[in-house]
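A.B. asks: My structure is in upload-v3.cif, and what it holds is mmCIF, C-alpha atoms and all ligand atoms:
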```
data_model
loop_
_atom_site.label_atom_id
_atom_site.label_comp_id
_atom_site.auth_asym_id
_atom_site.auth_seq_id
_atom_site.Cartn_x
_atom_site.Cartn_y
_atom_site.Cartn_z
CA MET A 1 85.97 155.23 98.29
CA ASP A 2 82.82 156.95 97.04
CA ALA A 3 81.41 158.89 100.00
CA ARG A 4 77.93 157.69 99.00
CA SER A 5 78.65 154.02 99.37
CA ALA A 6 77.94 152.19 102.59
CA LEU A 7 80.64 152.96 105.13
CA THR A 8 81.51 151.02 108.23
CA GLU A 9 79.74 152.40 111.28
CA HIS A 10 80.98 152.12 114.83
CA ASN A 11 78.42 152.96 117.45
CA ARG A 12 79.30 154.35 120.82
CA ASP A 13 77.04 155.67 123.53
CA LEU A 14 75.99 159.28 123.46
CA VAL A 15 78.04 161.42 125.83
CA ALA A 16 75.61 162.50 128.52
CA SER A 17 75.34 166.01 129.94
CA ARG A 18 73.53 167.40 132.95
CA PRO A 19 71.79 170.75 133.13
CA ASP A 20 73.53 171.57 136.42
CA GLU A 21 76.96 171.58 134.79
CA PRO A 22 78.63 174.97 134.28
CA ASP A 23 77.63 176.73 131.06
CA GLU A 24 81.23 176.73 129.87
CA SER A 25 81.55 172.93 130.19
CA LEU A 26 78.34 172.42 128.22
CA ARG A 27 79.45 174.80 125.48
CA GLU A 28 82.86 173.13 125.25
CA ARG A 29 81.30 169.68 124.94
CA PHE A 30 78.90 170.94 122.29
CA SER A 31 81.80 172.40 120.38
CA GLU A 32 83.78 169.17 120.67
CA TYR A 33 81.15 166.60 119.74
CA GLY A 34 78.59 168.69 117.86
CA TYR A 35 75.77 167.72 120.20
CA LEU A 36 74.64 167.56 123.81
CA TYR A 37 72.55 164.75 125.23
CA PHE A 38 70.47 165.39 128.35
CA PRO A 39 68.82 162.25 129.73
CA ALA A 40 65.36 162.77 131.28
CA LEU A 41 65.51 166.53 130.90
CA VAL A 42 61.83 167.07 130.14
CA ASP A 43 59.25 166.17 132.72
CA ALA A 44 57.85 162.67 132.05
CA GLY A 45 54.28 163.83 132.67
CA ALA A 46 54.57 166.57 130.04
CA CYS A 47 55.95 164.02 127.55
CA MET A 48 53.17 161.53 128.29
CA ALA A 49 50.51 164.21 127.92
CA LEU A 50 51.89 165.39 124.57
CA LEU A 51 52.28 161.81 123.36
CA ALA A 52 48.64 161.10 124.24
CA ASP A 53 47.53 164.23 122.37
CA ILE A 54 49.56 163.32 119.29
CA VAL A 55 48.38 159.72 119.26
CA ALA A 56 44.77 160.87 119.65
CA GLU A 57 45.24 162.84 116.42
CA ALA A 58 47.04 159.94 114.75
CA GLY A 59 44.08 157.59 115.11
CA PRO A 60 43.03 155.24 113.66
CA HIS A 61 46.58 154.57 112.42
CA VAL A 62 48.37 154.78 115.75
CA ILE A 63 47.02 153.87 119.18
CA LEU A 64 48.42 153.88 122.71
CA GLU A 65 48.85 150.49 124.33
CA ASP A 66 50.26 150.41 127.87
CA GLY A 67 51.51 153.95 127.33
CA ALA A 68 53.43 153.07 124.14
CA PRO A 69 52.42 153.97 120.57
CA ARG A 70 51.44 151.01 118.37
CA LEU A 71 50.62 150.77 114.69
CA ALA A 72 46.96 149.92 114.17
CA SER A 73 46.84 150.15 110.37
CA GLU A 74 49.19 149.90 107.43
CA PRO A 75 52.68 151.40 107.87
CA PHE A 76 53.25 154.90 106.51
CA PHE A 77 55.87 157.61 106.43
CA GLU A 78 55.93 161.39 106.07
CA THR A 79 54.04 162.44 102.91
CA ASP A 80 52.00 159.21 102.63
CA PRO A 81 48.21 159.78 102.52
CA ALA A 82 47.81 158.55 106.12
CA TRP A 83 50.40 161.07 107.27
CA ASP A 84 48.77 163.90 105.36
CA ALA A 85 45.42 163.01 106.91
CA ILE A 86 46.62 163.11 110.52
CA TYR A 87 49.35 165.74 110.44
CA PRO A 88 47.18 168.88 110.35
CA GLY A 89 45.53 167.72 113.60
CA ILE A 90 48.92 167.15 115.19
CA GLN A 91 50.19 170.51 114.00
CA SER A 92 47.14 172.19 115.48
CA LEU A 93 47.93 171.02 119.02
CA GLU A 94 48.60 174.04 121.19
CA ALA A 95 50.58 171.88 123.62
CA PHE A 96 52.87 170.71 120.83
CA HIS A 97 54.02 174.24 120.01
CA GLY A 98 54.11 175.34 123.66
CA PHE A 99 56.27 172.31 124.54
CA PHE A 100 59.35 174.09 123.14
CA HIS A 101 58.68 177.45 124.76
CA THR A 102 58.71 176.55 128.45
CA PRO A 103 60.88 178.60 130.82
CA ALA A 104 63.15 175.56 131.31
CA MET A 105 63.72 175.14 127.56
CA ARG A 106 64.35 178.84 127.16
CA GLU A 107 66.79 178.93 130.04
CA LEU A 108 68.81 176.03 128.64
CA GLN A 109 68.93 177.60 125.16
CA THR A 110 70.02 180.93 126.66
CA ARG A 111 72.83 179.26 128.58
CA LEU A 112 74.09 177.29 125.60
CA LEU A 113 73.99 180.28 123.27
CA ASP A 114 75.05 182.86 125.83
CA ALA A 115 72.42 185.00 124.12
CA GLU A 116 68.67 185.44 123.93
CA PRO A 117 67.19 182.53 121.93
CA PHE A 118 64.70 182.57 119.08
CA VAL A 119 62.74 179.33 118.76
CA TYR A 120 61.83 178.60 115.17
CA PRO A 121 58.06 178.63 114.54
CA MET A 122 58.33 175.34 112.65
CA LYS A 123 57.76 172.46 115.04
CA MET A 124 58.11 168.88 113.82
CA ALA A 125 56.55 165.63 114.98
CA ARG A 126 58.14 162.37 113.79
CA ILE A 127 56.15 159.19 113.55
CA SER A 128 58.34 156.27 112.59
CA THR A 129 56.34 153.15 111.84
CA PRO A 130 57.65 149.61 111.37
CA ARG A 131 57.78 147.95 107.96
CA LYS A 132 59.01 151.10 106.26
CA ILE A 133 62.66 150.10 106.13
CA GLY A 134 64.59 152.42 103.87
CA TYR A 135 62.27 155.37 104.51
CA GLU A 136 63.85 156.47 107.79
CA THR A 137 65.53 159.89 107.87
CA PRO A 138 68.80 159.66 105.89
CA PRO A 139 72.02 161.29 107.15
CA HIS A 140 71.76 165.03 106.68
CA GLN A 141 72.70 168.42 108.10
CA ASP A 142 70.06 170.88 109.18
CA ALA A 143 72.26 173.72 107.95
CA HIS A 144 71.25 172.50 104.50
CA SER A 145 67.64 171.48 105.11
CA HIS A 146 66.80 174.64 107.06
CA GLN A 147 69.23 176.92 105.22
CA ALA A 148 70.63 178.00 108.54
CA GLY A 149 73.86 179.42 109.85
CA PRO A 150 76.26 178.00 112.43
CA THR A 151 74.45 179.30 115.51
CA MET A 152 71.26 177.40 114.77
CA ALA A 153 70.75 174.15 116.70
CA GLY A 154 68.27 171.29 116.55
CA LEU A 155 66.40 170.21 119.66
CA TRP A 156 64.93 166.70 119.63
CA VAL A 157 62.85 165.12 122.42
CA ALA A 158 61.91 161.46 122.93
CA LEU A 159 58.30 161.34 124.12
CA HIS A 160 58.64 157.71 125.26
CA ASP A 161 61.38 155.11 125.60
CA VAL A 162 63.14 154.47 122.29
CA PRO A 163 65.25 151.30 122.40
CA GLU A 164 67.41 150.27 119.46
CA GLN A 165 64.76 148.32 117.56
CA LEU A 166 62.44 151.33 117.51
CA GLY A 167 64.67 153.54 115.34
CA ARG A 168 66.83 155.85 117.37
CA LEU A 169 68.26 159.23 116.40
CA LYS A 170 71.96 158.82 115.68
CA LEU A 171 74.68 161.47 115.38
CA LEU A 172 78.00 161.52 113.56
CA ALA A 173 80.27 162.90 116.26
CA HIS A 174 82.55 165.81 115.30
CA SER A 175 80.99 166.06 111.84
CA HIS A 176 79.97 169.70 112.43
CA ARG A 177 83.60 170.74 112.03
CA ARG A 178 83.71 170.07 108.31
CA GLY A 179 81.20 172.63 107.12
CA VAL A 180 78.11 172.21 104.98
CA ARG A 181 78.48 169.18 102.70
CA PRO A 182 77.30 168.31 99.22
CA VAL A 183 73.98 166.46 99.11
CA PHE A 184 72.36 163.97 96.81
CA GLN A 185 68.91 162.46 96.46
CA ALA A 186 67.90 159.67 98.83
CA GLU A 187 64.84 157.73 99.88
CA GLY A 188 63.31 158.61 103.21
CA VAL A 189 62.14 161.63 105.14
CA GLY A 190 63.51 164.83 103.61
CA GLY A 191 64.58 163.09 100.41
CA ILE A 192 68.25 164.06 100.56
CA GLN A 193 71.41 162.71 102.06
CA CYS A 194 74.72 164.45 102.66
CA GLU A 195 78.20 163.15 102.03
CA ILE A 196 79.97 161.20 104.73
CA TYR A 197 83.72 161.02 104.43
CA PRO A 198 85.54 157.68 104.63
CA ASP A 199 87.28 158.48 107.92
CA GLU A 200 83.96 159.28 109.61
CA THR A 201 82.78 156.08 111.20
CA GLU A 202 82.01 157.00 114.81
CA TRP A 203 78.28 157.37 115.34
CA HIS A 204 76.92 158.20 118.75
CA VAL A 205 73.62 156.68 119.79
CA SER A 206 71.94 155.34 122.92
CA ASP A 207 68.65 153.86 123.94
CA TYR A 208 66.51 156.87 124.77
CA GLY A 209 64.23 157.29 127.74
CA ARG A 210 61.13 159.43 127.92
CA GLY A 211 62.07 163.09 128.14
CA ASP A 212 65.63 162.65 126.83
CA VAL A 213 66.78 165.64 124.81
CA VAL A 214 69.42 165.89 122.10
CA ILE A 215 70.64 169.31 120.99
CA PHE A 216 72.77 169.31 117.87
CA HIS A 217 74.77 171.82 115.82
CA SER A 218 73.34 172.84 112.45
CA CYS A 219 76.25 171.10 110.70
CA THR A 220 76.15 167.88 112.73
CA VAL A 221 75.24 164.95 110.48
CA HIS A 222 72.40 162.93 111.97
CA LYS A 223 69.95 160.28 110.85
CA ALA A 224 67.33 157.88 112.13
CA GLU A 225 67.73 154.13 112.48
CA PRO A 226 65.03 151.96 110.95
CA ASN A 227 62.10 150.84 113.07
CA LEU A 228 62.62 147.06 113.17
CA THR A 229 59.79 146.20 115.54
CA PRO A 230 56.69 144.30 114.39
CA ASP A 231 54.17 146.94 115.44
CA ALA A 232 55.67 149.59 117.75
CA VAL A 233 55.83 153.22 116.61
CA ARG A 234 58.39 155.86 117.54
CA VAL A 235 57.00 159.34 118.23
CA SER A 236 59.37 162.22 118.87
CA VAL A 237 59.22 165.97 118.45
CA ASP A 238 61.82 168.51 117.44
CA THR A 239 62.41 172.12 116.52
CA ARG A 240 65.28 174.51 115.84
CA TYR A 241 66.49 177.60 117.66
CA CYS A 242 69.18 180.25 117.21
CA ASP A 243 70.41 183.40 118.86
CA TYR A 244 67.87 186.19 118.51
CA GLY A 245 68.76 188.25 115.45
CA ALA A 246 70.55 185.51 113.50
CA PRO A 247 69.17 185.10 109.96
CA VAL A 248 66.22 182.68 109.74
CA PHE A 249 65.27 181.46 106.30
CA ARG A 250 61.61 182.11 105.57
CA THR A 251 60.55 178.48 105.09
CA ASN A 252 61.15 178.00 108.82
CA ILE A 253 58.38 180.40 109.72
CA GLU A 254 55.87 178.20 107.92
CA PRO A 255 54.15 175.20 109.48
CA HIS A 256 55.98 171.93 108.88
CA HIS A 257 54.50 170.44 105.66
CA GLY A 258 52.42 173.60 105.16
CA TRP A 259 54.07 173.84 101.73
CA ARG A 260 52.42 170.63 100.54
CA ILE A 261 49.32 169.85 102.64
CA PRO A 262 46.43 172.06 101.43
CA GLY A 263 44.98 174.25 104.19
CA LEU A 264 47.79 173.62 106.66
CA ASP A 265 48.51 177.22 107.57
CA TRP A 266 48.85 179.17 110.80
CA ALA A 267 45.24 180.41 110.72
CA SER A 268 43.96 176.83 110.67
CA ILE A 269 46.52 175.71 113.27
CA TYR A 270 45.60 178.50 115.70
CA ARG A 271 41.88 177.94 115.46
CA GLY A 272 40.76 176.74 118.88
CA TRP A 273 43.88 177.73 120.83
CA HIS A 274 43.23 179.16 124.30
CA ASP A 275 46.33 181.34 124.56
CA ASP A 276 47.42 183.64 121.75
CA SER A 277 50.83 184.54 123.19
CA LEU A 278 52.62 182.01 120.96
CA GLN A 279 50.71 182.91 117.83
CA TYR A 280 52.64 184.81 115.16
CA TYR A 281 55.33 185.60 117.73
CA TRP A 282 57.97 185.86 114.99
CA GLU A 283 56.20 188.54 112.99
CA ASP A 284 58.54 191.24 114.23
CA TYR A 285 61.64 189.04 113.98
CA PRO A 286 64.31 191.30 112.48
CA ALA A 287 66.19 188.82 110.28
CA ILE A 288 63.85 186.67 108.16
CA THR A 289 65.71 186.10 104.90
O1 LIG A 301 63.59 161.93 114.45
C1 LIG A 301 63.91 161.66 113.30
O2 LIG A 301 63.58 160.64 112.73
C2 LIG A 301 64.77 162.59 112.53
C3 LIG A 301 65.03 163.86 113.22
C4 LIG A 301 65.85 164.76 112.39
O3 LIG A 301 66.45 164.39 111.43
C5 LIG A 301 65.93 166.15 112.71
O4 LIG A 301 65.42 166.56 113.76
O5 LIG A 301 66.54 166.89 111.89
#
```
Take the structure in the file and give it back as structure tokens.
C.D. replies:
Amino acid sequence: MDARSALTEHNRDLVASRPDEPDESLRERFSEYGYLYFPALVDAGACMALLADIVAEAGPHVILEDGAPRLASEPFFETDPAWDAIYPGIQSLEAFHGFFHTPAMRELQTRLLDAEPFVYPMKMARISTPRKIGYETPPHQDAHSHQAGPTMAGLWVALHDVPEQLGRLKLLAHSHRRGVRPVFQAEGVGGIQCEIYPDETEWHVSDYGRGDVVIFHSCTVHKAEPNLTPDAVRVSVDTRYCDYGAPVFRTNIEPHHGWRIPGLDWASIYRGWHDDSLQYYWEDYPAIT
């Protein structure tokens, strides 16, 4: 069968982990499945505060209604004019960047890597609106999209509850074991899709709660489900990290979408920040390639 054609998918629940498990158990599970799922890892208040900040920047297109993001205009996806209009404001949020640099995040990364972590400067916010079926993130590997090695991992956080209809993040379990795959063009965020082999049918996915975290291997195939709701919006945030000293490809030290939105650079992002400790922190990173 052509690996590009639609393959049968079997969903099973994400295998849950707890931060109080021994480091070795967490590393073994990561190595087995290609991901770790930590329910309610991030403080709900921190998630609500960041969600409110992001939605404030996403107005008038997205609003908060009873604590949940709703679409208040026409649907859009990454690179649409509405996205380009609101994204610089979102990228400029100091709290958005700081969200991934808390002591708790750093401690978890250190334990999983058994090494000092380096959090990629590029931080990503995802806004998945309804009525954009076919534009959700296609299956891909971050090893390809971020040109990263095997010790890089993705870290994705649900800022609010994400039930099935809202377009969950979904992972192809064990797929990290088969290396970096060929890609081809696809609709949707990122514009490329990787090959999925005919025997790979077991996708892991669960309804997410606020503060749930998924950490995935750079070769783990993952994708987003479509947002099938009439007017609810899914907002999540993610970044990448690796062991300090591992090669980091230079595009990852640029702001997300800085390559295509005029004026979206670090100087504009940092304008108005209160704390400069997270500004340009990678400038002395020894392995930018
Ligand atoms: O949240 C999404 O829609 C996609 C996330 C993703 O693909 C990623 O973090 O690499």
A.B. asks: Using only C-alpha atoms and all ligand atoms, which residues of the polymer chains come no farther than 6 Å from ligand LIG 301 (chain A)? I'd like the answer as a PDB file with C-alpha atoms, keeping the file's coordinate frame.
C.D. replies:
```pdb
ATOM      1  CA  ARG A 126      58.140 162.370 113.790  1.00  0.00           C
ATOM      2  CA  THR A 137      65.530 159.890 107.870  1.00  0.00           C
ATOM      3  CA  ASP A 142      70.060 170.880 109.180  1.00  0.00           C
ATOM      4  CA  TRP A 156      64.930 166.700 119.630  1.00  0.00           C
ATOM      5  CA  LEU A 169      68.260 159.230 116.400  1.00  0.00           C
ATOM      6  CA  LYS A 223      69.950 160.280 110.850  1.00  0.00           C
ATOM      7  CA  ALA A 224      67.330 157.880 112.130  1.00  0.00           C
ATOM      8  CA  ASP A 238      61.820 168.510 117.440  1.00  0.00           C
TER       9      ASP A 238
END
```
A.B. asks: Could you work out an axis-aligned box for range 68-86 of chain A, taking every atom the file lists and adding 3 Å on each side, and report centre and edge lengths in Å to one decimal, as JSON?
C.D. replies:
```
{"center_x": 50.7, "center_y": 156.9, "center_z": 113.3, "size_x": 16.5, "size_y": 20.0, "size_z": 27.6}
```
A.B. asks: Could you pull the residues within 8 Å of Leu166 in chain A, counting only C-alpha atoms, minus those fewer than 2 positions along the same chain, as JSON, numbers by chain?
C.D. replies: {"A": [130, 162, 163, 164, 168, 225, 226, 227, 228, 229, 232, 233, 234]}
A.B. asks: Using only C-alpha atoms, what residues lie at most 7 Å away from (75.9, 165.1, 98.7) (file coordinates), given as an NGL selection string?
C.D. replies: :A and (181-184 or 193-195)
A.B. asks: So what do you get for CA of Leu278 in chain A versus CA of Gly190 in chain A, distance-wise?
C.D. replies: 26.7 Å
A.B. asks: Nearest to Ala72 in chain A among A:Ser145, A:Gly59, A:Pro139, A:Lys170, with distances taken over only C-alpha atoms: which residue is it?
C.D. replies: A:Gly59
A.B. asks: Give me, as a VMD selection string, all polymer residues having an atom no more than 8 Å from His256 in chain A, counting all atoms listed in the file and skipping those fewer than 3 positions away in the same chain.
C.D. replies: chain A and resid 91 122 to 124 252 259
A.B. asks: Ranking A:Gly263, A:Gly258, A:Gly188, A:Pro121 by minimum distance to Glu283 in chain A and counting all atoms listed in the file, which one comes first?
C.D. replies: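 That would be A:Pro121, the residue with the smallest distance to Glu283 in chain A.
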A.B. asks: Give me the residues within 7 Å of Met152 in chain A as a PyMOL selection string, counting only C-alpha atoms and dropping any in the same chain fewer than 3 places off.
C.D. replies: chain A and resi 148-149+217-218+240-242
A.B. asks: Select, from A:Tyr208, A:Trp203, A:Tyr197, A:Phe249, the residue with the minimum atom-to-atom distance to Gln165 in chain A, counting only C-alpha atoms.
C.D. replies: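 Residue with the minimum atom-to-atom distance to Gln165 in chain A: A:Tyr208.
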